[in-house]
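Visitor: Shown below is the structure under consideration.
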Amino acid sequence: MTRRAQPVPDPSNPGGFLPNGAAAKSGLNRAILSKGWYRFEQALTSVSRYTGTTVVKVPAAFTSQRCSACGHVDPKSRESQAVFRCTHCAHSGHADVNAAKNILAAGLAVTACRESAAPAGAAVTSTQEPAGNREELMLQPT
């Protein structure tokens, strides 16, 4: 997502280049990189301890090229930014919805493997345990 804009050669002016939107792309790159995804992950993990949910990191490789119906991976299935049409089973739909289904399936597979791999009675400990129920903490007088 943060790759720099490639130069576009000017066919009418050898050695020259056409405008390629590099300034706008560099602004977008700065905005993406300034968000601090690691801190966002830390915040999600912290909140998940209070809500009892699980945060699972899923590798995103090929999720937009894999068919959520048959599992076939083909770059040609991703016709455009928004259109996904499987070259194997002819399943079609919105490309982002298809990728989200693949990410959900991968996350569920990871959690299923974790639950079966943990020995019975073993508790997962973290470096900081929650102090109590979040609602109780918010209702305490200050």
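In the structure tokens, chains take the letters A, B, ... in the order shown, each chain's residues start at 1, and ligands count up from 1 in the order shown.
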Using only C-alpha atoms, which protein or nucleic acid residues come within 12 Å of Val110 (chain A)? Drop anything in the same chain fewer than 2 positions from it, and give the result as a PDB file with C-alpha atoms, in the first residue's frame.

Guide:
```pdb
ATOM      1  CA  THR A  54      -9.866 -12.972  21.062  1.00  0.00           C
ATOM      2  CA  VAL A  55      -7.642 -11.003  18.704  1.00  0.00           C
ATOM      3  CA  VAL A  56      -6.202 -13.164  15.923  1.00  0.00           C
ATOM      4  CA  LYS A  57      -3.568 -11.969  13.466  1.00  0.00           C
ATOM      5  CA  VAL A  58      -4.265 -13.508  10.066  1.00  0.00           C
ATOM      6  CA  PRO A  59      -1.814 -13.354   7.149  1.00  0.00           C
ATOM      7  CA  ILE A 103      -9.953 -13.645   6.354  1.00  0.00           C
ATOM      8  CA  LEU A 104     -12.824 -14.739   8.617  1.00  0.00           C
ATOM      9  CA  ALA A 105     -12.330 -18.379   7.621  1.00  0.00           C
ATOM     10  CA  ALA A 106      -8.574 -18.132   8.276  1.00  0.00           C
ATOM     11  CA  GLY A 107      -9.190 -16.555  11.687  1.00  0.00           C
ATOM     12  CA  LEU A 108     -11.678 -19.242  12.650  1.00  0.00           C
ATOM     13  CA  ALA A 112      -9.873 -23.785  16.263  1.00  0.00           C
ATOM     14  CA  CYS A 113      -6.245 -24.943  16.172  1.00  0.00           C
ATOM     15  CA  ARG A 114      -5.380 -22.973  19.309  1.00  0.00           C
ATOM     16  CA  GLU A 115      -8.282 -24.361  21.311  1.00  0.00           C
ATOM     17  CA  SER A 116      -7.438 -27.967  20.481  1.00  0.00           C
ATOM     18  CA  ALA A 117      -3.690 -27.513  21.035  1.00  0.00           C
TER      19      ALA A 117
END
```

Visitor: Quick one: of A:Pro75, A:Gly21, A:Pro9, A:Pro14, who's nearest to Ala95 (chain A), counting only C-alpha atoms?

Guide: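 When distances to Ala95 (chain A) are compared using only C-alpha atoms, the smallest one comes from A:Pro75.
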
Visitor: Mind checking which residues fall within 8 Å of Ala99 (chain A), counting only C-alpha atoms, ignoring those fewer than 6 positions away in the same chain, and posting them as a tab-separated table (two decimals) with C-alpha atoms, in the first residue's frame?

Guide:
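As written to disk, out.tsv reads:
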```tsv
chain	number	residue	atom	x	y	z
A	63	THR	CA	-7.01	-13.41	0.47
A	64	SER	CA	-8.20	-11.17	-2.35
A	65	GLN	CA	-7.29	-13.76	-5.00
A	66	ARG	CA	-8.76	-16.84	-3.27
A	68	SER	CA	-14.39	-18.05	-0.81
```

Visitor: Do a neighbour search on Asp96 (chain A) at 9 Å with only C-alpha atoms, toss out local chain neighbours closer than 4 positions, and write the hits as a VMD selection string.

Guide: chain A and resid 64 81 to 84 100 to 101

Visitor: For the selection just defined, write its residues with C-alpha atoms to a file, as a short mmCIF file (atom, residue, chain, number, x, y, z; two decimals), in the first residue's frame.

Guide:
```cif
data_model
loop_
_atom_site.label_atom_id
_atom_site.label_comp_id
_atom_site.auth_asym_id
_atom_site.auth_seq_id
_atom_site.Cartn_x
_atom_site.Cartn_y
_atom_site.Cartn_z
CA SER A 64 -8.20 -11.17 -2.35
CA GLN A 81 -10.76 -3.30 -7.63
CA ALA A 82 -14.37 -4.22 -6.87
CA VAL A 83 -15.17 -7.29 -8.97
CA PHE A 84 -14.22 -10.87 -8.11
CA ALA A 100 -13.34 -10.61 4.16
CA LYS A 101 -14.89 -14.09 4.02
#
```

Visitor: Write out as a ChimeraX atom specification the set of residues from region 29-120 of chain A that DSSP, computed on the backbone, places in helix (DSSP H, G or I).

Guide: /A:29-33,37-51,75-77,95-117

Visitor: Suppose we keep C-alpha atoms; can you now write the selection as a compact mmCIF listing (two decimals), in the first residue's frame?

Guide:
```txt
# COMPACT_ATOMS: atom_id res chain seq x y z
CA ASN A 29 1.83 7.02 2.34
CA ARG A 30 2.56 9.39 5.23
CA ALA A 31 -1.04 9.10 6.46
CA ILE A 32 -0.97 5.29 6.34
CA LEU A 33 2.39 4.96 8.06
CA TRP A 37 -0.68 -0.22 13.48
CA TYR A 38 1.29 -1.83 16.31
CA ARG A 39 -0.28 0.50 18.86
CA PHE A 40 -3.69 -0.20 17.38
CA GLU A 41 -3.03 -3.93 17.82
CA GLN A 42 -1.96 -3.32 21.43
CA ALA A 43 -5.14 -1.36 22.14
CA LEU A 44 -7.30 -4.11 20.63
CA THR A 45 -5.51 -6.75 22.69
CA SER A 46 -5.96 -4.71 25.86
CA VAL A 47 -9.67 -4.17 25.25
CA SER A 48 -10.17 -7.82 24.32
CA ARG A 49 -9.16 -8.86 27.84
CA TYR A 50 -12.07 -6.86 29.27
CA THR A 51 -14.64 -8.06 26.75
CA PRO A 75 -4.78 -13.55 -9.76
CA LYS A 76 -7.01 -13.42 -12.86
CA SER A 77 -10.08 -13.93 -10.64
CA ALA A 95 -13.89 -8.45 -4.17
CA ASP A 96 -13.70 -6.95 -0.67
CA VAL A 97 -16.55 -9.13 0.61
CA ASN A 98 -14.85 -12.20 -0.85
CA ALA A 99 -11.54 -11.26 0.85
CA ALA A 100 -13.34 -10.61 4.16
CA LYS A 101 -14.89 -14.09 4.02
CA ASN A 102 -11.44 -15.59 3.42
CA ILE A 103 -9.95 -13.64 6.35
CA LEU A 104 -12.82 -14.74 8.62
CA ALA A 105 -12.33 -18.38 7.62
CA ALA A 106 -8.57 -18.13 8.28
CA GLY A 107 -9.19 -16.55 11.69
CA LEU A 108 -11.68 -19.24 12.65
CA ALA A 109 -9.20 -21.92 11.56
CA VAL A 110 -6.47 -20.36 13.72
CA THR A 111 -8.72 -20.19 16.79
CA ALA A 112 -9.87 -23.78 16.26
CA CYS A 113 -6.24 -24.94 16.17
CA ARG A 114 -5.38 -22.97 19.31
CA GLU A 115 -8.28 -24.36 21.31
CA SER A 116 -7.44 -27.97 20.48
CA ALA A 117 -3.69 -27.51 21.03
```

Visitor: Between CA of Cys89 (chain A) and CA of Ala69 (chain A), what distance in Å does the model show, to one decimal?

Guide: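 A separation of 8.1 Å between them.
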
Visitor: Could you list, as a list in words, every residue within 12 Å of Val8 (chain A), counting only C-alpha atoms and ignoring same-chain residues fewer than 4 positions away?

Guide: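 Result of the neighbour search: Ser12, Asn13, Pro14, Gly15, Gly16, Phe17, Leu18, Pro19, Asn20, Gly21 and Ala22 of chain A.
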
Visitor: Convert the current residue selection to file output with N, CA and C atoms, as a JSON list (two decimals), in the first residue's frame.

Guide:
```
[["chain", "number", "residue", "atom", "x", "y", "z"],
["A", 12, "SER", "N", 6.12, 11.72, -26.07],
["A", 12, "SER", "CA", 6.41, 12.83, -27.00],
["A", 12, "SER", "C", 7.69, 13.56, -26.64],
["A", 13, "ASN", "N", 8.19, 13.37, -25.41],
["A", 13, "ASN", "CA", 9.40, 14.05, -24.96],
["A", 13, "ASN", "C", 10.35, 13.00, -24.38],
["A", 14, "PRO", "N", 11.26, 12.44, -25.19],
["A", 14, "PRO", "CA", 12.19, 11.43, -24.68],
["A", 14, "PRO", "C", 13.01, 11.98, -23.52],
["A", 15, "GLY", "N", 13.09, 11.22, -22.46],
["A", 15, "GLY", "CA", 13.83, 11.64, -21.27],
["A", 15, "GLY", "C", 12.96, 12.41, -20.29],
["A", 16, "GLY", "N", 11.75, 12.76, -20.69],
["A", 16, "GLY", "CA", 10.83, 13.48, -19.81],
["A", 16, "GLY", "C", 9.79, 12.53, -19.22],
["A", 17, "PHE", "N", 9.08, 13.04, -18.24],
["A", 17, "PHE", "CA", 8.08, 12.22, -17.56],
["A", 17, "PHE", "C", 6.77, 12.98, -17.44],
["A", 18, "LEU", "N", 5.67, 12.23, -17.47],
["A", 18, "LEU", "CA", 4.34, 12.79, -17.29],
["A", 18, "LEU", "C", 4.01, 12.87, -15.81],
["A", 19, "PRO", "N", 3.07, 13.74, -15.42],
["A", 19, "PRO", "CA", 2.65, 13.78, -14.02],
["A", 19, "PRO", "C", 2.04, 12.44, -13.62],
["A", 20, "ASN", "N", 2.45, 11.93, -12.46],
["A", 20, "ASN", "CA", 1.96, 10.62, -12.03],
["A", 20, "ASN", "C", 1.29, 10.65, -10.67],
["A", 21, "GLY", "N", 1.06, 11.82, -10.12],
["A", 21, "GLY", "CA", 0.40, 11.91, -8.82],
["A", 21, "GLY", "C", 1.30, 11.51, -7.67],
["A", 22, "ALA", "N", 2.62, 11.68, -7.83],
["A", 22, "ALA", "CA", 3.55, 11.26, -6.79],
["A", 22, "ALA", "C", 3.36, 12.06, -5.50]]
```
